[in-house]
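Colleague: One file is attached below, model15.txt, containing compact mmCIF, N, CA and C atoms.
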```txt
# COMPACT_ATOMS: atom_id res chain seq x y z
N ARG A 795 123.84 17.00 82.94
CA ARG A 795 124.42 18.29 82.61
C ARG A 795 125.82 18.09 82.08
N THR A 796 126.23 19.03 81.30
CA THR A 796 127.56 18.97 80.71
C THR A 796 128.26 20.31 80.88
N ASP A 797 129.56 20.31 80.64
CA ASP A 797 130.33 21.54 80.77
C ASP A 797 129.99 22.51 79.64
N GLY A 798 130.30 23.77 79.87
CA GLY A 798 130.07 24.78 78.84
C GLY A 798 131.14 24.74 77.75
N LEU A 799 130.84 25.38 76.67
CA LEU A 799 131.76 25.45 75.54
C LEU A 799 132.83 26.50 75.82
N GLN A 800 134.09 26.13 75.65
CA GLN A 800 135.18 27.07 75.87
C GLN A 800 136.05 27.09 74.62
N SER A 801 136.16 28.25 74.01
CA SER A 801 137.00 28.41 72.84
C SER A 801 137.55 29.83 72.86
N LEU A 802 138.85 29.97 72.73
CA LEU A 802 139.49 31.27 72.76
C LEU A 802 140.18 31.51 71.42
N ASP A 803 139.81 32.59 70.74
CA ASP A 803 140.43 32.99 69.48
C ASP A 803 141.27 34.24 69.71
N LEU A 804 142.37 34.35 68.97
CA LEU A 804 143.29 35.45 69.16
C LEU A 804 143.79 35.91 67.79
N SER A 805 143.93 37.22 67.63
CA SER A 805 144.45 37.79 66.40
C SER A 805 145.47 38.86 66.74
N VAL A 806 146.61 38.81 66.06
CA VAL A 806 147.69 39.77 66.26
C VAL A 806 148.10 40.29 64.89
N LEU A 807 148.24 41.62 64.78
CA LEU A 807 148.68 42.17 63.51
C LEU A 807 149.61 43.35 63.73
N LYS A 808 150.46 43.60 62.74
CA LYS A 808 151.40 44.71 62.77
C LYS A 808 151.45 45.33 61.39
N ASN A 809 151.30 46.66 61.34
CA ASN A 809 151.39 47.40 60.08
C ASN A 809 152.77 48.02 59.96
N PHE A 810 153.37 47.88 58.79
CA PHE A 810 154.67 48.49 58.48
C PHE A 810 154.47 49.48 57.34
N LYS A 811 154.79 50.74 57.58
CA LYS A 811 154.72 51.75 56.52
C LYS A 811 155.97 51.65 55.65
N ILE A 812 155.78 51.45 54.35
CA ILE A 812 156.92 51.37 53.44
C ILE A 812 157.22 52.76 52.89
N GLN A 813 156.23 53.41 52.39
CA GLN A 813 156.31 54.80 51.99
C GLN A 813 155.04 55.46 52.52
N GLU A 814 154.81 56.66 52.08
CA GLU A 814 153.65 57.37 52.61
C GLU A 814 152.33 56.71 52.22
N ARG A 815 152.30 56.08 51.05
CA ARG A 815 151.03 55.50 50.62
C ARG A 815 151.01 53.97 50.58
N TYR A 816 152.09 53.30 50.91
CA TYR A 816 152.14 51.83 50.89
C TYR A 816 152.28 51.30 52.31
N THR A 817 151.56 50.22 52.57
CA THR A 817 151.59 49.60 53.89
C THR A 817 151.68 48.08 53.71
N LEU A 818 152.51 47.46 54.52
CA LEU A 818 152.62 46.01 54.55
C LEU A 818 152.08 45.55 55.90
N GLN A 819 151.15 44.61 55.87
CA GLN A 819 150.51 44.15 57.10
C GLN A 819 150.84 42.67 57.32
N LEU A 820 151.37 42.37 58.50
CA LEU A 820 151.65 41.00 58.91
C LEU A 820 150.62 40.62 59.95
N ARG A 821 149.95 39.52 59.73
CA ARG A 821 148.82 39.13 60.58
C ARG A 821 148.95 37.66 60.98
N GLY A 822 148.67 37.38 62.24
CA GLY A 822 148.60 36.01 62.75
C GLY A 822 147.25 35.81 63.43
N GLU A 823 146.54 34.78 63.06
CA GLU A 823 145.24 34.48 63.64
C GLU A 823 145.28 33.06 64.21
N PHE A 824 144.84 32.93 65.44
CA PHE A 824 144.89 31.67 66.16
C PHE A 824 143.48 31.33 66.62
N PHE A 825 142.99 30.15 66.23
CA PHE A 825 141.65 29.71 66.58
C PHE A 825 141.76 28.56 67.57
N ASN A 826 140.95 28.59 68.63
CA ASN A 826 140.98 27.61 69.71
C ASN A 826 142.39 27.51 70.30
N VAL A 827 142.90 28.65 70.77
CA VAL A 827 144.27 28.78 71.25
C VAL A 827 144.57 27.79 72.37
N THR A 828 143.68 27.62 73.31
CA THR A 828 143.93 26.75 74.45
C THR A 828 143.74 25.27 74.13
N ASN A 829 143.17 24.97 72.97
CA ASN A 829 142.93 23.59 72.53
C ASN A 829 142.16 22.80 73.59
N THR A 830 141.16 23.43 74.18
CA THR A 830 140.35 22.82 75.23
C THR A 830 139.29 21.91 74.62
N PRO A 831 139.24 20.63 75.01
CA PRO A 831 138.21 19.75 74.46
C PRO A 831 136.85 20.05 75.07
N THR A 832 135.81 19.84 74.31
CA THR A 832 134.44 19.95 74.80
C THR A 832 133.86 18.54 74.85
N PHE A 833 133.61 18.05 76.04
CA PHE A 833 133.14 16.68 76.20
C PHE A 833 131.65 16.58 75.92
N GLY A 834 131.22 15.40 75.52
CA GLY A 834 129.82 15.15 75.24
C GLY A 834 129.02 14.96 76.52
N ASN A 835 127.77 14.60 76.36
CA ASN A 835 126.88 14.40 77.51
C ASN A 835 127.19 13.07 78.20
N PRO A 836 127.02 13.01 79.51
CA PRO A 836 127.21 11.73 80.21
C PRO A 836 126.04 10.78 79.95
N ALA A 837 126.29 9.50 80.18
CA ALA A 837 125.25 8.49 80.03
C ALA A 837 124.19 8.72 81.11
N THR A 838 122.91 8.69 80.72
CA THR A 838 121.84 9.05 81.65
C THR A 838 120.97 7.88 82.08
N ASN A 839 121.23 6.69 81.57
CA ASN A 839 120.43 5.52 81.97
C ASN A 839 120.92 5.06 83.34
N ILE A 840 120.08 5.23 84.36
CA ILE A 840 120.49 4.97 85.75
C ILE A 840 120.72 3.49 86.03
N THR A 841 120.15 2.61 85.23
CA THR A 841 120.33 1.18 85.45
C THR A 841 121.53 0.62 84.69
N ALA A 842 122.15 1.40 83.85
CA ALA A 842 123.29 0.93 83.06
C ALA A 842 124.57 0.99 83.89
N ALA A 843 125.52 0.14 83.54
CA ALA A 843 126.80 0.09 84.27
C ALA A 843 127.65 1.33 83.99
N ASN A 844 127.42 1.97 82.87
CA ASN A 844 128.22 3.16 82.52
C ASN A 844 127.52 4.47 82.88
N PHE A 845 126.62 4.45 83.85
CA PHE A 845 125.88 5.65 84.24
C PHE A 845 126.84 6.76 84.68
N GLY A 846 126.66 7.93 84.10
CA GLY A 846 127.46 9.09 84.47
C GLY A 846 128.79 9.21 83.78
N THR A 847 129.16 8.24 82.97
CA THR A 847 130.45 8.32 82.27
C THR A 847 130.30 9.06 80.96
N ILE A 848 131.38 9.71 80.55
CA ILE A 848 131.42 10.45 79.30
C ILE A 848 132.36 9.71 78.36
N ARG A 849 131.85 9.33 77.20
CA ARG A 849 132.63 8.53 76.26
C ARG A 849 132.80 9.18 74.90
N SER A 850 132.47 10.46 74.80
CA SER A 850 132.58 11.11 73.49
C SER A 850 132.95 12.57 73.65
N LEU A 851 133.32 13.17 72.54
CA LEU A 851 133.59 14.60 72.48
C LEU A 851 132.50 15.26 71.65
N ALA A 852 132.17 16.48 72.00
CA ALA A 852 131.22 17.24 71.18
C ALA A 852 131.95 17.64 69.89
N THR A 853 131.23 17.76 68.81
CA THR A 853 131.85 18.02 67.52
C THR A 853 131.86 19.50 67.14
N ASN A 854 131.48 20.39 68.05
CA ASN A 854 131.37 21.80 67.68
C ASN A 854 132.67 22.58 67.83
N THR A 855 133.72 21.99 68.39
CA THR A 855 135.01 22.67 68.45
C THR A 855 136.05 21.83 67.73
N GLY A 856 136.86 22.48 66.95
CA GLY A 856 137.89 21.77 66.22
C GLY A 856 139.23 21.90 66.93
N PRO A 857 140.27 21.35 66.34
CA PRO A 857 141.59 21.47 66.93
C PRO A 857 142.14 22.89 66.77
N ARG A 858 143.25 23.15 67.42
CA ARG A 858 143.89 24.46 67.31
C ARG A 858 144.31 24.69 65.85
N GLN A 859 144.05 25.90 65.37
CA GLN A 859 144.43 26.26 64.00
C GLN A 859 145.19 27.59 64.03
N VAL A 860 146.25 27.66 63.23
CA VAL A 860 147.05 28.88 63.13
C VAL A 860 147.06 29.30 61.67
N GLN A 861 146.89 30.60 61.45
CA GLN A 861 146.83 31.13 60.10
C GLN A 861 147.69 32.39 60.06
N LEU A 862 148.64 32.44 59.12
CA LEU A 862 149.50 33.61 58.96
C LEU A 862 149.21 34.25 57.61
N ALA A 863 149.28 35.58 57.57
CA ALA A 863 149.00 36.29 56.33
C ALA A 863 149.92 37.49 56.19
N LEU A 864 150.24 37.82 54.97
CA LEU A 864 151.01 39.01 54.64
C LEU A 864 150.21 39.76 53.59
N LYS A 865 149.88 41.02 53.88
CA LYS A 865 149.01 41.79 53.00
C LYS A 865 149.71 43.07 52.60
N PHE A 866 149.63 43.41 51.31
CA PHE A 866 150.22 44.64 50.80
C PHE A 866 149.08 45.59 50.43
N LEU A 867 149.04 46.75 51.08
CA LEU A 867 147.99 47.74 50.85
C LEU A 867 148.57 48.91 50.06
N PHE A 868 147.87 49.30 49.00
CA PHE A 868 148.34 50.42 48.19
C PHE A 868 147.21 51.33 47.81
```
Could you take the file, read its structure, and then write that structure out as structure tokens?

Modeller:
Amino acid sequence: RTDGLQSLDLSVLKNFKIQERYTLQLRGEFFNVTNTPTFGNPATNITAANFGTIRSLATNTGPRQVQLALKFLF
């Protein structure tokens, strides 16, 4: 058995009214905020010396990523 997948994404945005019909939006998006690794499966060969050890990472989670954006709505 292996641990479950843990990934936390977060998005924060703020709208600024410039005039009645124009809006400026500042947005920050954060992927895998906690940067938690997902370990691979343990070795299952009971006769091997490395039985039960984990020597790899699962490839389904990437490193922490930050993305900033500025959007003008008219």

Colleague: What does the structure give for the distance between atom N of Asn835 in chain A and CA of Gln800 in chain A, in Å to one decimal?

Modeller: 14.5 Å

Colleague: Using only C-alpha atoms, which protein or nucleic acid residues come within 8 Å of Leu864 in chain A? Drop anything in the same chain fewer than 2 positions from it, and give the result as a ChimeraX atom specification.

Modeller: /A:818-821,862,866

Colleague: What does the distance from atom N of Glu814 in chain A to atom N of Lys865 in chain A come to in Å, to one decimal?

Modeller: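 Result for atom N of Glu814 in chain A versus atom N of Lys865 in chain A: 16.5 Å, one decimal.
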
Colleague: Could you pull the residues within 6.5 Å of Phe868 in chain A, counting only N, CA and C atoms, minus those fewer than 6 positions along the same chain, as a CSV table (one decimal) with N, CA and C atoms, keeping the file's coordinate frame?

Modeller:
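Heads up, here's the output in result.csv:
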```csv
chain,number,residue,atom,x,y,z
A,815,ARG,N,152.3,56.1,51.0
A,815,ARG,CA,151.0,55.5,50.6
A,815,ARG,C,151.0,54.0,50.6
A,816,TYR,N,152.1,53.3,50.9
A,816,TYR,CA,152.1,51.8,50.9
A,816,TYR,C,152.3,51.3,52.3
A,817,THR,N,151.6,50.2,52.6
A,817,THR,CA,151.6,49.6,53.9
A,817,THR,C,151.7,48.1,53.7
```

Colleague: Can you measure CA of Asn809 in chain A to atom C of Phe825 in chain A for me? One decimal in Å is fine.

Modeller: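 Computing the Euclidean distance for CA of Asn809 in chain A and atom C of Phe825 in chain A yields 22.4 Å.
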
Colleague: Mind listing whatever residues come within 6.5 Å of the point (148.0, 30.8, 63.7)? Use only N, CA and C atoms, file coordinates, and give them as a CSV table (one decimal) with N, CA and C atoms, keeping the file's coordinate frame.

Modeller:
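Saved result, result.csv, follows:
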```
chain,number,residue,atom,x,y,z
A,822,GLY,N,148.7,37.4,62.2
A,822,GLY,CA,148.6,36.0,62.8
A,822,GLY,C,147.2,35.8,63.4
A,823,GLU,N,146.5,34.8,63.1
A,823,GLU,CA,145.2,34.5,63.6
A,823,GLU,C,145.3,33.1,64.2
A,824,PHE,N,144.8,32.9,65.4
A,824,PHE,CA,144.9,31.7,66.2
A,824,PHE,C,143.5,31.3,66.6
A,825,PHE,N,143.0,30.2,66.2
A,825,PHE,CA,141.6,29.7,66.6
A,825,PHE,C,141.8,28.6,67.6
A,859,GLN,N,144.0,25.9,65.4
A,859,GLN,CA,144.4,26.3,64.0
A,859,GLN,C,145.2,27.6,64.0
A,860,VAL,N,146.2,27.7,63.2
A,860,VAL,CA,147.0,28.9,63.1
A,860,VAL,C,147.1,29.3,61.7
A,861,GLN,N,146.9,30.6,61.4
A,861,GLN,CA,146.8,31.1,60.1
A,861,GLN,C,147.7,32.4,60.1
A,862,LEU,N,148.6,32.4,59.1
A,862,LEU,CA,149.5,33.6,59.0
A,862,LEU,C,149.2,34.2,57.6
```

Colleague: Please list as a PyMOL selection string every residue within 6.5 Å of Thr832 in chain A, counting all atoms listed in the file and excluding residues in the same chain fewer than 3 positions away.

Modeller: chain A and resi 799-800+850-852

Colleague: Name the residues in contact with Ala837 in chain A at a cut-off of 8 Å, using only C-alpha atoms, excluding same-chain residues fewer than 2 positions from it; report them as a short mmCIF file (atom, residue, chain, number, x, y, z; two decimals) with N, CA and C atoms, in the frame of the given file.

Modeller:
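Writing done, so here's part.cif:
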```
data_model
loop_
_atom_site.label_atom_id
_atom_site.label_comp_id
_atom_site.auth_asym_id
_atom_site.auth_seq_id
_atom_site.Cartn_x
_atom_site.Cartn_y
_atom_site.Cartn_z
N ASN A 835 127.77 14.60 76.36
CA ASN A 835 126.88 14.40 77.51
C ASN A 835 127.19 13.07 78.20
N ASN A 839 121.23 6.69 81.57
CA ASN A 839 120.43 5.52 81.97
C ASN A 839 120.92 5.06 83.34
N ASN A 844 127.42 1.97 82.87
CA ASN A 844 128.22 3.16 82.52
C ASN A 844 127.52 4.47 82.88
N PHE A 845 126.62 4.45 83.85
CA PHE A 845 125.88 5.65 84.24
C PHE A 845 126.84 6.76 84.68
N GLY A 846 126.66 7.93 84.10
CA GLY A 846 127.46 9.09 84.47
C GLY A 846 128.79 9.21 83.78
N THR A 847 129.16 8.24 82.97
CA THR A 847 130.45 8.32 82.27
C THR A 847 130.30 9.06 80.96
N ILE A 848 131.38 9.71 80.55
CA ILE A 848 131.42 10.45 79.30
C ILE A 848 132.36 9.71 78.36
#
```

Colleague: If you run DSSP over the backbone, which residues in range 798-864 of chain A end up strand (DSSP E or B)? Put them as a VMD selection string.

Modeller: chain A and resid 804 to 811 817 to 825 833 851 859 to 864
